[in-house]
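Visitor: Structure file data18.txt (compact mmCIF, C-alpha atoms) right here:
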# COMPACT_ATOMS: atom_id res chain seq x y z
CA MET A 1 5.70 10.68 17.29
CA ALA A 2 3.94 13.96 16.82
CA GLN A 3 0.22 13.88 17.50
CA ASN A 4 -0.71 14.02 13.81
CA ASN A 5 1.66 11.13 13.06
CA THR A 6 0.11 9.09 15.87
CA HIS A 7 -3.28 9.52 14.22
CA LEU A 8 -1.90 8.70 10.78
CA ALA A 9 -0.18 5.55 12.09
CA GLU A 10 -3.42 4.51 13.76
CA PHE A 11 -5.36 5.05 10.54
CA LEU A 12 -2.80 3.03 8.54
CA LEU A 13 -2.95 0.18 11.06
CA ARG A 14 -6.72 0.09 10.65
CA MET A 15 -6.39 -0.17 6.88
CA GLY A 16 -3.62 -2.75 7.06
CA ASP A 17 -5.19 -4.86 9.80
CA ASN A 18 -8.53 -5.10 8.00
CA ALA A 19 -6.76 -6.42 4.93
CA LEU A 20 -4.46 -8.71 6.94
CA ILE A 21 -7.10 -10.33 9.13
CA LEU A 22 -9.64 -10.80 6.35
CA GLY A 23 -6.86 -12.02 4.08
CA HIS A 24 -5.90 -14.61 6.66
CA ARG A 25 -9.51 -15.68 7.26
CA THR A 26 -10.08 -16.05 3.52
CA SER A 27 -6.89 -18.06 3.14
CA GLU A 28 -8.26 -20.58 5.64
CA TRP A 29 -10.53 -21.77 2.82
CA CYS A 30 -7.58 -22.81 0.67
CA GLY A 31 -8.19 -26.47 -0.20
CA HIS A 32 -11.64 -26.54 1.46
CA ALA A 33 -14.00 -24.58 -0.81
CA PRO A 34 -17.06 -26.36 -2.26
CA VAL A 35 -15.72 -26.35 -5.84
CA LEU A 36 -12.29 -25.83 -7.32
CA GLU A 37 -13.13 -22.51 -9.01
CA GLU A 38 -14.32 -21.04 -5.72
CA ASP A 39 -11.25 -22.34 -3.95
CA ILE A 40 -9.05 -20.53 -6.47
CA ALA A 41 -11.17 -17.38 -6.26
CA LEU A 42 -10.93 -17.27 -2.45
CA ALA A 43 -7.18 -17.86 -2.52
CA ASN A 44 -6.74 -15.09 -5.08
CA THR A 45 -8.85 -12.72 -3.02
CA ALA A 46 -6.72 -13.54 0.02
CA LEU A 47 -3.61 -12.86 -2.03
CA ASP A 48 -4.82 -9.41 -3.07
CA LEU A 49 -5.65 -8.60 0.55
CA ILE A 50 -2.27 -9.75 1.85
CA GLY A 51 -0.62 -7.67 -0.88
CA GLN A 52 -2.57 -4.62 0.24
CA THR A 53 -1.58 -5.40 3.83
CA GLN A 54 2.06 -5.21 2.84
CA LEU A 55 1.56 -1.74 1.36
CA TRP A 56 -0.42 -0.33 4.30
CA LEU A 57 1.69 -1.84 7.07
CA THR A 58 4.96 -0.90 5.40
CA TYR A 59 3.81 2.71 5.43
CA ALA A 60 2.45 2.36 8.99
CA ALA A 61 5.84 1.10 10.17
CA GLU A 62 7.60 4.02 8.46
CA VAL A 63 5.30 6.55 10.09
CA MET A 64 5.73 4.91 13.49
CA GLY A 65 9.45 5.35 12.91
CA ASP A 66 10.72 2.96 15.56
CA GLY A 67 12.54 0.66 13.17
CA LYS A 68 9.79 -1.93 12.83
CA THR A 69 8.81 -3.56 9.55
CA ALA A 70 5.47 -4.66 8.09
CA ASP A 71 6.36 -8.22 9.14
CA ASP A 72 6.99 -7.09 12.73
CA LEU A 73 3.56 -5.48 12.80
CA ALA A 74 1.86 -8.55 11.38
CA PHE A 75 3.61 -11.20 13.41
CA LEU A 76 4.82 -9.60 16.64
CA ARG A 77 1.77 -7.77 17.92
CA ASP A 78 -0.82 -9.22 20.26
CA VAL A 79 -4.60 -8.99 20.14
CA TRP A 80 -4.95 -5.61 21.84
CA ASP A 81 -2.65 -3.95 19.29
CA PHE A 82 -4.80 -4.89 16.28
CA ARG A 83 -7.09 -2.26 14.78
CA ASN A 84 -9.26 -4.27 12.40
CA LEU A 85 -13.05 -4.26 12.27
CA LEU A 86 -14.68 -7.01 14.34
CA LEU A 87 -16.43 -8.15 11.16
CA VAL A 88 -13.25 -9.43 9.54
CA GLU A 89 -12.04 -11.46 12.53
CA LEU A 90 -15.25 -13.49 12.86
CA PRO A 91 -14.88 -17.18 12.02
CA ASN A 92 -15.67 -18.18 8.44
CA GLY A 93 -18.81 -20.21 9.13
CA ASP A 94 -20.16 -21.86 5.98
CA PHE A 95 -19.31 -20.77 2.44
CA GLY A 96 -22.35 -18.47 2.25
CA HIS A 97 -21.40 -16.82 5.53
CA THR A 98 -17.85 -16.23 4.24
CA LEU A 99 -19.15 -14.68 1.02
CA MET A 100 -21.68 -12.51 2.85
CA ARG A 101 -18.90 -11.16 5.09
CA GLN A 102 -16.74 -10.62 2.01
CA PHE A 103 -19.53 -8.72 0.29
CA LEU A 104 -20.23 -6.48 3.29
CA PHE A 105 -16.52 -5.65 3.48
CA ASP A 106 -15.95 -5.34 -0.29
CA ALA A 107 -18.89 -2.95 -0.58
CA TYR A 108 -17.27 -0.74 2.07
CA GLN A 109 -13.86 -0.90 0.39
CA SER A 110 -15.31 -0.19 -3.04
CA ILE A 111 -16.66 3.11 -1.68
CA HIS A 112 -13.90 3.96 0.80
CA LEU A 113 -10.82 3.34 -1.38
CA PRO A 114 -11.82 5.56 -4.34
CA ARG A 115 -12.26 8.40 -1.82
CA LEU A 116 -8.77 7.72 -0.47
CA VAL A 117 -7.38 8.11 -4.00
CA ARG A 118 -8.01 11.83 -3.48
CA SER A 119 -6.14 11.84 -0.16
CA THR A 120 -3.81 14.77 0.58
CA ASP A 121 -1.24 12.15 1.62
CA PRO A 122 0.38 10.94 -1.63
CA ARG A 123 1.35 7.53 -0.20
CA VAL A 124 -2.21 6.88 0.96
CA ALA A 125 -3.48 8.00 -2.46
CA GLU A 126 -1.21 5.69 -4.44
CA ILE A 127 -1.89 2.63 -2.26
CA ALA A 128 -5.62 3.32 -2.54
CA GLU A 129 -5.33 3.68 -6.31
CA LYS A 130 -3.83 0.20 -6.53
CA ALA A 131 -6.15 -1.40 -3.97
CA SER A 132 -9.36 0.16 -5.31
CA LYS A 133 -8.93 -1.62 -8.65
CA GLU A 134 -8.76 -4.91 -6.79
CA ALA A 135 -11.66 -4.01 -4.49
CA SER A 136 -13.96 -3.18 -7.41
CA TYR A 137 -13.20 -6.60 -8.89
CA HIS A 138 -13.81 -8.28 -5.53
CA VAL A 139 -17.18 -6.63 -4.96
CA GLU A 140 -18.32 -7.64 -8.43
CA ARG A 141 -17.72 -11.26 -7.55
CA SER A 142 -18.96 -11.25 -3.96
CA ALA A 143 -22.14 -9.36 -4.97
CA ASP A 144 -22.80 -11.87 -7.78
CA THR A 145 -22.33 -14.77 -5.38
CA VAL A 146 -24.58 -13.23 -2.72
CA VAL A 147 -27.30 -12.78 -5.36
CA GLY A 148 -26.76 -16.29 -6.73
CA LEU A 149 -27.02 -17.93 -3.32
CA GLY A 150 -29.65 -15.58 -1.83
CA ASP A 151 -31.91 -15.98 -4.84
CA GLY A 152 -30.99 -19.66 -5.18
CA THR A 153 -32.50 -22.71 -3.53
CA GLU A 154 -34.52 -22.59 -0.32
CA GLU A 155 -31.50 -24.00 1.52
CA SER A 156 -29.04 -21.46 0.12
CA HIS A 157 -31.50 -18.60 0.67
CA ASN A 158 -32.01 -19.55 4.32
CA ARG A 159 -28.29 -19.82 4.91
CA MET A 160 -27.63 -16.41 3.34
CA GLN A 161 -30.38 -14.80 5.39
CA ALA A 162 -28.92 -16.39 8.54
CA ALA A 163 -25.48 -15.07 7.58
CA LEU A 164 -26.85 -11.57 7.03
CA ASP A 165 -28.72 -11.64 10.35
CA ARG A 166 -25.56 -12.74 12.13
CA LEU A 167 -23.20 -10.27 10.41
CA TRP A 168 -25.34 -7.15 10.10
CA PRO A 169 -24.66 -5.99 13.71
CA TYR A 170 -20.96 -5.80 12.71
CA VAL A 171 -21.56 -3.38 9.83
CA GLY A 172 -22.15 -0.27 11.97
CA GLU A 173 -18.56 -0.25 13.23
CA MET A 174 -17.36 0.74 9.74
CA PHE A 175 -19.07 4.11 10.08
CA ALA A 176 -18.40 4.96 13.74
CA THR A 177 -16.31 8.13 13.73
CA ASP A 178 -13.74 8.66 16.50
CA PRO A 179 -10.97 11.26 17.09
CA VAL A 180 -8.60 9.44 14.73
CA ASP A 181 -11.14 9.68 11.91
CA ALA A 182 -11.85 13.30 12.75
CA ALA A 183 -8.13 14.13 12.56
CA MET A 184 -7.78 12.28 9.23
CA ALA A 185 -10.81 14.05 7.80
CA GLU A 186 -9.56 17.44 8.95
CA ALA A 187 -6.18 16.84 7.32
CA GLY A 188 -7.88 15.68 4.12
CA ILE A 189 -6.15 12.31 4.42
CA ALA A 190 -9.29 10.19 4.64
CA PRO A 191 -13.04 10.79 4.55
CA ASP A 192 -15.12 10.78 7.71
CA PRO A 193 -16.44 7.17 7.70
CA ALA A 194 -19.91 8.38 8.70
CA SER A 195 -20.11 10.24 5.38
CA LEU A 196 -19.93 6.92 3.47
CA ARG A 197 -23.00 5.36 5.05
CA THR A 198 -25.65 6.60 2.61
CA GLU A 199 -23.75 5.35 -0.41
CA TYR A 200 -23.05 2.05 1.35
CA ASP A 201 -26.67 1.47 2.30
CA ALA A 202 -27.73 2.17 -1.27
CA LEU A 203 -25.24 -0.30 -2.76
CA VAL A 204 -25.81 -3.03 -0.18
CA GLY A 205 -29.58 -2.48 -0.24
CA ARG A 206 -29.71 -2.89 -4.00
CA VAL A 207 -27.70 -6.13 -4.00
CA LEU A 208 -29.49 -7.66 -1.02
CA ALA A 209 -32.88 -6.85 -2.55
CA GLU A 210 -31.82 -8.59 -5.75
CA ALA A 211 -30.70 -11.50 -3.59
CA THR A 212 -34.23 -11.60 -2.06
CA LEU A 213 -32.72 -11.07 1.39
CA THR A 214 -34.12 -8.88 4.14
CA VAL A 215 -31.88 -6.33 5.84
CA PRO A 216 -32.37 -6.61 9.63
CA GLU A 217 -34.11 -3.62 11.18
CA SER A 218 -31.95 -3.29 14.28
CA THR A 219 -29.23 -0.64 14.10
CA PHE A 220 -27.33 -2.09 17.05
CA ALA A 221 -23.62 -2.27 16.28
CA HIS A 222 -20.81 -4.22 17.95
CA LYS A 223 -17.76 -1.97 18.23
CA GLY A 224 -14.26 -1.99 19.61
CA GLY A 225 -12.16 -3.63 16.89
CA ARG A 226 -10.89 -0.61 14.99
CA THR A 227 -10.23 1.32 18.20
CA GLY A 228 -8.59 -1.74 19.75
CA GLN A 229 -10.79 -1.45 22.82
CA THR A 230 -12.44 -4.88 22.69
CA HIS A 231 -11.82 -7.58 20.14
CA THR A 232 -13.85 -10.78 20.01
CA GLU A 233 -12.35 -13.94 21.45
CA HIS A 234 -11.86 -15.15 17.87
CA LEU A 235 -8.94 -12.85 17.05
CA GLY A 236 -6.64 -14.47 19.61
CA HIS A 237 -7.32 -17.90 18.14
CA LEU A 238 -6.61 -16.56 14.66
CA LEU A 239 -3.29 -15.08 15.80
CA THR A 240 -2.13 -18.36 17.34
CA GLN A 241 -2.24 -19.79 13.82
CA MET A 242 -1.10 -16.77 11.83
CA GLN A 243 1.77 -15.98 14.20
CA TRP A 244 2.61 -19.57 15.08
CA LEU A 245 6.02 -19.64 13.44
CA GLN A 246 7.26 -16.45 15.08
CA ARG A 247 5.90 -17.58 18.44
CA ALA A 248 7.53 -21.01 18.22
CA TYR A 249 10.79 -19.83 16.65
CA PRO A 250 11.23 -16.17 17.59
CA GLY A 251 13.16 -14.20 14.99
CA ALA A 252 13.10 -17.00 12.40
CA THR A 253 13.74 -15.79 8.85
CA TRP A 254 14.31 -17.34 5.44
CA MET B 255 35.79 -15.62 -15.92
CA VAL B 256 35.49 -14.22 -19.41
CA ILE B 257 32.25 -12.42 -19.93
CA LYS B 258 31.19 -12.87 -23.52
CA GLY B 259 28.75 -10.72 -25.39
CA HIS B 260 26.37 -13.59 -25.92
CA ARG B 261 23.60 -11.39 -27.27
CA SER B 262 25.62 -9.99 -30.10
CA THR B 263 22.55 -9.32 -32.22
CA ALA B 264 20.90 -7.09 -29.65
CA GLY B 265 20.20 -3.66 -31.08
CA GLY B 266 23.07 -1.23 -30.87
CA SER B 267 25.45 -3.71 -29.34
CA GLU B 268 28.65 -4.44 -31.15
CA ALA B 269 29.59 -8.06 -31.57
CA PRO B 270 32.84 -8.74 -29.72
CA ALA B 271 34.06 -10.92 -32.54
CA HIS B 272 37.76 -10.78 -31.86
CA GLY B 273 39.90 -9.91 -28.92
CA GLY B 274 37.02 -8.10 -27.28
CA GLY B 275 36.38 -11.00 -24.96
CA TRP B 276 36.52 -8.70 -21.96
CA ALA B 277 34.13 -6.22 -23.43
CA LEU B 278 30.77 -6.21 -21.74
CA PRO B 279 27.83 -6.38 -24.12
CA GLY B 280 26.56 -3.01 -25.17
CA LEU B 281 29.71 -1.14 -24.44
CA SER B 282 32.23 -0.06 -26.96
CA PRO B 283 35.83 -0.38 -25.92
CA GLY B 284 37.13 2.96 -24.80
CA ALA B 285 33.67 4.55 -24.70
CA SER B 286 31.58 5.20 -21.61
CA ALA B 287 31.30 2.10 -19.46
CA LEU B 288 27.53 2.50 -19.24
CA PRO B 289 25.25 0.64 -21.66
CA SER B 290 22.79 2.86 -23.48
CA ILE B 291 19.16 3.12 -22.36
CA GLU B 292 18.11 1.50 -25.67
CA GLN B 293 20.48 -1.35 -25.00
CA VAL B 294 19.02 -1.90 -21.54
CA TRP B 295 15.48 -1.90 -22.95
CA SER B 296 16.51 -4.51 -25.49
CA TRP B 297 17.81 -6.72 -22.69
CA LEU B 298 14.58 -6.20 -20.75
CA HIS B 299 12.55 -7.16 -23.86
CA ALA B 300 14.12 -10.60 -23.60
CA ILE B 301 13.09 -11.36 -20.01
CA PRO B 302 10.03 -13.63 -19.89
CA ASP B 303 7.18 -13.15 -17.46
CA PRO B 304 7.77 -15.83 -14.78
CA GLU B 305 4.19 -17.12 -14.83
CA ILE B 306 3.31 -16.62 -18.50
CA PRO B 307 6.73 -17.08 -20.12
CA VAL B 308 5.36 -16.65 -23.62
CA ILE B 309 5.29 -12.88 -23.08
CA SER B 310 8.12 -10.67 -21.91
CA LEU B 311 8.11 -8.21 -19.04
CA THR B 312 8.01 -5.33 -21.51
CA ASP B 313 5.00 -6.92 -23.28
CA LEU B 314 3.28 -7.02 -19.88
CA GLY B 315 3.93 -3.30 -19.41
CA VAL B 316 5.28 -3.55 -15.87
CA ILE B 317 8.57 -1.81 -16.59
CA ARG B 318 7.73 1.87 -16.40
CA ASP B 319 11.08 3.54 -16.80
CA VAL B 320 14.77 3.01 -17.38
CA ALA B 321 17.09 5.87 -16.57
CA TYR B 322 20.45 6.77 -15.12
CA GLU B 323 20.86 8.74 -11.95
CA ASP B 324 24.55 9.59 -12.10
CA GLU B 325 26.08 6.19 -12.83
CA THR B 326 23.31 4.18 -11.22
CA LEU B 327 20.88 2.45 -13.54
CA ILE B 328 17.34 2.84 -12.18
CA VAL B 329 14.69 0.43 -13.43
CA THR B 330 11.19 1.36 -12.30
CA VAL B 331 8.77 -1.54 -11.99
CA THR B 332 5.07 -1.53 -11.11
CA PRO B 333 3.25 -4.59 -9.70
CA THR B 334 0.34 -6.12 -11.64
CA TYR B 335 -1.63 -7.03 -8.51
CA SER B 336 -0.49 -5.94 -5.08
CA GLY B 337 -0.29 -9.53 -3.83
CA CYS B 338 1.00 -11.18 -6.98
CA PRO B 339 3.73 -13.62 -5.88
CA ALA B 340 5.45 -13.14 -9.24
CA THR B 341 6.39 -9.56 -8.33
CA SER B 342 9.46 -10.53 -6.33
CA ILE B 343 10.47 -13.07 -9.01
CA ILE B 344 10.12 -10.37 -11.68
CA ASN B 345 12.46 -8.10 -9.70
CA LEU B 346 14.91 -10.96 -9.22
CA ASP B 347 14.81 -11.82 -12.95
CA ILE B 348 15.45 -8.20 -13.94
CA GLU B 349 18.35 -7.92 -11.55
CA THR B 350 19.85 -11.24 -12.63
CA ALA B 351 19.55 -10.45 -16.34
CA LEU B 352 21.08 -6.99 -16.05
CA ARG B 353 23.91 -8.19 -13.84
CA ASP B 354 24.61 -10.97 -16.35
CA HIS B 355 24.94 -8.24 -18.95
CA GLY B 356 27.54 -6.54 -16.80
CA VAL B 357 25.45 -3.86 -15.09
CA SER B 358 26.82 -3.57 -11.58
CA ASP B 359 25.41 -0.26 -10.37
CA LEU B 360 21.73 -1.07 -10.42
CA LYS B 361 18.67 -0.11 -8.44
CA LEU B 362 15.09 -1.37 -8.83
CA ARG B 363 12.41 1.07 -7.86
CA SER B 364 8.80 0.10 -7.18
CA GLN B 365 6.11 2.48 -8.39
CA LEU B 366 2.43 2.12 -7.46
CA SER B 367 0.97 5.12 -9.23
CA PRO B 368 -0.24 5.27 -11.92
CA ALA B 369 -1.56 1.80 -11.15
CA TRP B 370 -0.82 -0.89 -13.71
CA THR B 371 -3.47 -1.38 -16.34
CA THR B 372 -3.82 -4.00 -19.06
CA ASP B 373 -3.95 -1.06 -21.50
CA TRP B 374 -0.16 -1.07 -21.18
CA MET B 375 0.15 -4.54 -22.63
CA THR B 376 1.72 -4.38 -26.08
CA ASP B 377 -0.10 -5.55 -29.22
CA GLN B 378 2.68 -8.04 -29.69
CA GLY B 379 2.05 -9.32 -26.16
CA ARG B 380 -1.67 -9.69 -26.85
CA ALA B 381 -0.98 -11.67 -30.02
CA LYS B 382 1.47 -13.94 -28.19
CA LEU B 383 -1.05 -14.56 -25.39
CA LYS B 384 -3.73 -15.57 -27.86
CA ALA B 385 -1.39 -17.89 -29.74
CA TYR B 386 -0.55 -19.47 -26.37
CA GLY B 387 -4.24 -20.11 -25.62
CA ILE B 388 -4.94 -17.22 -23.25
CA ALA B 389 -7.58 -14.74 -24.39
CA PRO B 390 -5.97 -11.28 -24.22
CA PRO B 391 -7.52 -8.40 -22.25
CA THR B 392 -10.11 -6.37 -24.16
CA PRO B 393 -11.75 -3.02 -23.43
CA SER B 394 -15.11 -4.77 -22.99
CA GLY B 395 -13.71 -6.75 -20.04
CA ARG B 396 -14.66 -10.11 -21.57
CA PRO B 397 -12.82 -12.24 -24.10
CA GLY B 398 -13.58 -11.29 -27.69
CA ASN B 399 -13.50 -14.87 -28.81
CA CYS B 400 -12.22 -18.34 -27.95
CA PRO B 401 -8.42 -18.50 -28.34
CA ASN B 402 -8.74 -22.08 -29.62
CA CYS B 403 -11.49 -21.93 -32.26
CA ASN B 404 -12.26 -18.18 -32.50
CA ALA B 405 -15.96 -18.69 -31.75
CA GLU B 406 -17.56 -15.72 -30.03
CA ASP B 407 -20.00 -17.69 -27.90
CA VAL B 408 -18.09 -17.89 -24.60
CA GLU B 409 -19.18 -17.98 -20.96
CA LYS B 410 -17.49 -17.13 -17.68
CA ILE B 411 -16.79 -20.02 -15.31
CA SER B 412 -15.00 -18.11 -12.57
CA GLN B 413 -13.79 -14.57 -12.02
CA PHE B 414 -10.40 -15.91 -10.94
CA GLY B 415 -8.14 -18.31 -12.82
CA SER B 416 -4.76 -19.89 -12.23
CA THR B 417 -3.04 -16.57 -11.41
CA PRO B 418 -4.36 -13.28 -9.97
CA CYS B 419 -4.32 -11.71 -13.44
CA LYS B 420 -6.59 -14.26 -15.13
CA SER B 421 -10.22 -15.37 -15.07
CA LEU B 422 -11.61 -18.69 -16.26
CA TRP B 423 -13.90 -19.03 -19.28
CA ARG B 424 -15.36 -21.74 -21.52
CA CYS B 425 -16.09 -21.79 -25.23
CA LYS B 426 -19.64 -22.96 -25.91
CA SER B 427 -18.69 -23.92 -29.43
CA CYS B 428 -15.58 -26.11 -29.00
CA LEU B 429 -16.33 -26.62 -25.26
CA GLU B 430 -12.71 -25.96 -24.28
CA PRO B 431 -12.11 -24.05 -21.06
CA PHE B 432 -9.56 -21.25 -21.35
CA ASP B 433 -7.90 -18.49 -19.32
CA HIS B 434 -8.71 -14.86 -20.00
CA PHE B 435 -6.25 -12.15 -19.04
CA LYS B 436 -8.39 -9.94 -16.79
CA CYS B 437 -8.87 -6.38 -17.91
CA ILE B 438 -8.03 -3.84 -15.22
Represent the structure of the file as structure tokens.
Guide:
Amino acid sequence: MAQNNTHLAEFLLRMGDNALILGHRTSEWCGHAPVLEEDIALANTALDLIGQTQLWLTYAAEVMGDGKTADDLAFLRDVWDFRNLLLVELPNGDFGHTLMRQFLFDAYQSIHLPRLVRSTDPRVAEIAEKASKEASYHVERSADTVVGLGDGTEESHNRMQAALDRLWPYVGEMFATDPVDAAMAEAGIAPDPASLRTEYDALVGRVLAEATLTVPESTFAHKGGRTGQTHTEHLGHLLTQMQWLQRAYPGATW
Amino acid sequence: MVIKGHRSTAGGSEAPAHGGGWALPGLSPGASALPSIEQVWSWLHAIPDPEIPVISLTDLGVIRDVAYEDETLIVTVTPTYSGCPATSIINLDIETALRDHGVSDLKLRSQLSPAWTTDWMTDQGRAKLKAYGIAPPTPSGRPGNCPNCNAEDVEKISQFGSTPCKSLWRCKSCLEPFDHFKCI
């Protein structure tokens, strides 16, 4: 692969892996959510994310050009090959924790994807056009739920604040620019993530204030997921479930 | 196997009333072996949506183009939602229907952009949805009125319903819950 294709493939893996890993995490709620409507909503959100995964990873596989498919990338890679944000691989915790994580991610997507619609890469632009419609619907719901629970009972408020305190150190990784991002920005394929931070803080700040929640002051950020340098121990456990069939029956198809 | 023109009323298609038992629907004996674009559209009009069978795929607006490239019939389809499980069934149903009508040189093409919007749903499709009990998509993004009793006092129960394309609402007048086709 030429150097610019290596960067593009890396960028596409990051997009696809975020959607895949969060999609899988969200699907773990299927049959377990507190009420039926929320169960259906989480399953539908997972479905959208897995659909987006298919689009991103199909393109990633094409760019990598070594004959792999989106399925190969999803099911035949190990932890160190994944390029998702640490945020999305964290365990679900309680329902409020899951929705807080969803909101923090949806808010990012709702800003990032519309920028990608203007990408100089037509494939990236058309996938983003499709996915951004879904992301704007997702953030509407996750923001509403964060407000409802944050500004709810004392119990729900405390749980949402605890979720925010736990998850906030994972937000900074979304905006940490590295050479891949720099190459994408230079080629006009994707925006420099750091340039999205102001808009993100405004959106998240507005919703969290309405939810009567306090944004932690620390700017410390856990990093290493999207570069693949250091994932949390949770991703390996997730893969043992998600990839179970291919690990137990290599090459199985239907 | 004798392939009969079982949709003899379809627009433009001649009825193989006599010895035309071998004639494929939509093709006049001795003429070009390719059915007309109009004929193909009329076959597509008859394919129901797999999850909401009261409307057809053309009502839904997911079929973006029908054209020939040389002798190959190209049907361009766009997904409603990127993860909608009905997408592969829709493709299968299109392929099955067209092959049943005798189209052998066929290719389905997926198109993401412009992204599907409920603006492409036909008026006929909206009317059929409402008659079926599903509030059709509206520009305001919320159901205009209850599909059961027409009252306007409705409330949202959940942003997601039984399929990715629907949300769940309740009528505060007749108290019936109902699906609303999400507006995107």
Visitor: Taking all atoms listed in the file into account, name the residue in A:Gly205, A:Gly152, A:Pro216, A:Gly251 that is nearest to A:Leu164.
Guide: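 Among the listed residues, the smallest separation from A:Leu164 belongs to A:Pro216.
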Visitor: Specify as a PyMOL selection string all residues of chain A found within 12 Å of chain B, counting all atoms listed in the file.
Guide: chain A and resi 19-20+23+35-56+117+122-142+144-145
Visitor: Identify which of the residues A:Gly67, A:Phe75, A:Ala2, A:Gly31 lies closest to A:Gln243, counting all atoms listed in the file when measuring atom-to-atom distances.
Guide: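 Smallest distance to A:Gln243 is found for A:Phe75.
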Visitor: At a cut-off of 6 Å, using only C-alpha atoms, what residues contact A:Arg226? Leave out same-chain residues fewer than 6 positions from it and give the result as a VMD selection string.
Guide: chain A and resid 83 to 85
Visitor: Output C-alpha atoms for every residue in the selection just made, as a PDB file, in the frame of the given file.
Guide:
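Output below, filename part12.pdb:
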ATOM      1  CA  ARG A  83      -7.090  -2.260  14.780  1.00  0.00           C
ATOM      2  CA  ASN A  84      -9.260  -4.270  12.400  1.00  0.00           C
ATOM      3  CA  LEU A  85     -13.050  -4.260  12.270  1.00  0.00           C
TER       4      LEU A  85
END
Visitor: In terms of the shortest atom-to-atom distance over all atoms listed in the file, which of A:Lys223, A:Ala209, A:Thr58, A:His32 is closest to A:Leu12?
Guide: A:Thr58
Visitor: From (-21.6, -1.2, 9.4), in the file's coordinates, out to 10 Å: which residues are reached, counting all atoms listed in the file? Answer as a list in words.
Guide: Leu85, Leu87, Leu104, Phe105, Tyr108, Leu167, Trp168, Pro169, Tyr170, Val171, Gly172, Glu173, Met174, Phe175, Ala176, Pro193, Ala194, Arg197, Tyr200, Asp201, Thr219, Phe220, Ala221, His222 and Lys223 of chain A
Visitor: What would the file look like if the residues just selected were written as a PDB file, in the frame of the given file with C-alpha atoms?
Guide:
ATOM      1  CA  LEU A  85     -13.050  -4.260  12.270  1.00  0.00           C
ATOM      2  CA  LEU A  87     -16.430  -8.150  11.160  1.00  0.00           C
ATOM      3  CA  LEU A 104     -20.230  -6.480   3.290  1.00  0.00           C
ATOM      4  CA  PHE A 105     -16.520  -5.650   3.480  1.00  0.00           C
ATOM      5  CA  TYR A 108     -17.270  -0.740   2.070  1.00  0.00           C
ATOM      6  CA  LEU A 167     -23.200 -10.270  10.410  1.00  0.00           C
ATOM      7  CA  TRP A 168     -25.340  -7.150  10.100  1.00  0.00           C
ATOM      8  CA  PRO A 169     -24.660  -5.990  13.710  1.00  0.00           C
ATOM      9  CA  TYR A 170     -20.960  -5.800  12.710  1.00  0.00           C
ATOM     10  CA  VAL A 171     -21.560  -3.380   9.830  1.00  0.00           C
ATOM     11  CA  GLY A 172     -22.150  -0.270  11.970  1.00  0.00           C
ATOM     12  CA  GLU A 173     -18.560  -0.250  13.230  1.00  0.00           C
ATOM     13  CA  MET A 174     -17.360   0.740   9.740  1.00  0.00           C
ATOM     14  CA  PHE A 175     -19.070   4.110  10.080  1.00  0.00           C
ATOM     15  CA  ALA A 176     -18.400   4.960  13.740  1.00  0.00           C
ATOM     16  CA  PRO A 193     -16.440   7.170   7.700  1.00  0.00           C
ATOM     17  CA  ALA A 194     -19.910   8.380   8.700  1.00  0.00           C
ATOM     18  CA  ARG A 197     -23.000   5.360   5.050  1.00  0.00           C
ATOM     19  CA  TYR A 200     -23.050   2.050   1.350  1.00  0.00           C
ATOM     20  CA  ASP A 201     -26.670   1.470   2.300  1.00  0.00           C
ATOM     21  CA  THR A 219     -29.230  -0.640  14.100  1.00  0.00           C
ATOM     22  CA  PHE A 220     -27.330  -2.090  17.050  1.00  0.00           C
ATOM     23  CA  ALA A 221     -23.620  -2.270  16.280  1.00  0.00           C
ATOM     24  CA  HIS A 222     -20.810  -4.220  17.950  1.00  0.00           C
ATOM     25  CA  LYS A 223     -17.760  -1.970  18.230  1.00  0.00           C
TER      26      LYS A 223
END
Visitor: How many Å separate atom CA of A:Glu28 from atom CA of A:Ala74?
Guide: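 Taking atom CA of A:Glu28 and atom CA of A:Ala74, their separation equals 16.7 Å.
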Visitor: Please provide as a PyMOL selection string all residues within 8 Å of B:Leu298, with the sequence filter that same-chain residues fewer than 2 positions apart are discarded (counting all atoms listed in the file).
Guide: chain B and resi 294-296+300-301+310-312+348+351
Visitor: Using all atoms listed in the file, can you tell me which of B:Gly395, B:Gly387, B:Gly315, B:Pro431 comes closest to B:Asp303?
Guide: B:Gly315
Visitor: Taking the point (1.4, -3.8, -22.5) as given in the file, collect each protein or nucleic acid residue that comes within 9 Å of it, counting all atoms listed in the file, and present the set as a list in words.
Guide: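 Those residues lying close to the given coordinates are Leu311, Thr312, Asp313, Leu314, Gly315, Val316, Thr371, Thr372, Asp373, Trp374, Met375, Thr376, Asp377, Gln378, Gly379 and Arg380 of chain B.
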Visitor: Please produce a file of those selected residues containing C-alpha atoms, as a compact mmCIF listing (two decimals), in the coordinates of the input.
Guide:
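What landed in selection22.txt:
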# COMPACT_ATOMS: atom_id res chain seq x y z
CA LEU B 311 8.11 -8.21 -19.04
CA THR B 312 8.01 -5.33 -21.51
CA ASP B 313 5.00 -6.92 -23.28
CA LEU B 314 3.28 -7.02 -19.88
CA GLY B 315 3.93 -3.30 -19.41
CA VAL B 316 5.28 -3.55 -15.87
CA THR B 371 -3.47 -1.38 -16.34
CA THR B 372 -3.82 -4.00 -19.06
CA ASP B 373 -3.95 -1.06 -21.50
CA TRP B 374 -0.16 -1.07 -21.18
CA MET B 375 0.15 -4.54 -22.63
CA THR B 376 1.72 -4.38 -26.08
CA ASP B 377 -0.10 -5.55 -29.22
CA GLN B 378 2.68 -8.04 -29.69
CA GLY B 379 2.05 -9.32 -26.16
CA ARG B 380 -1.67 -9.69 -26.85
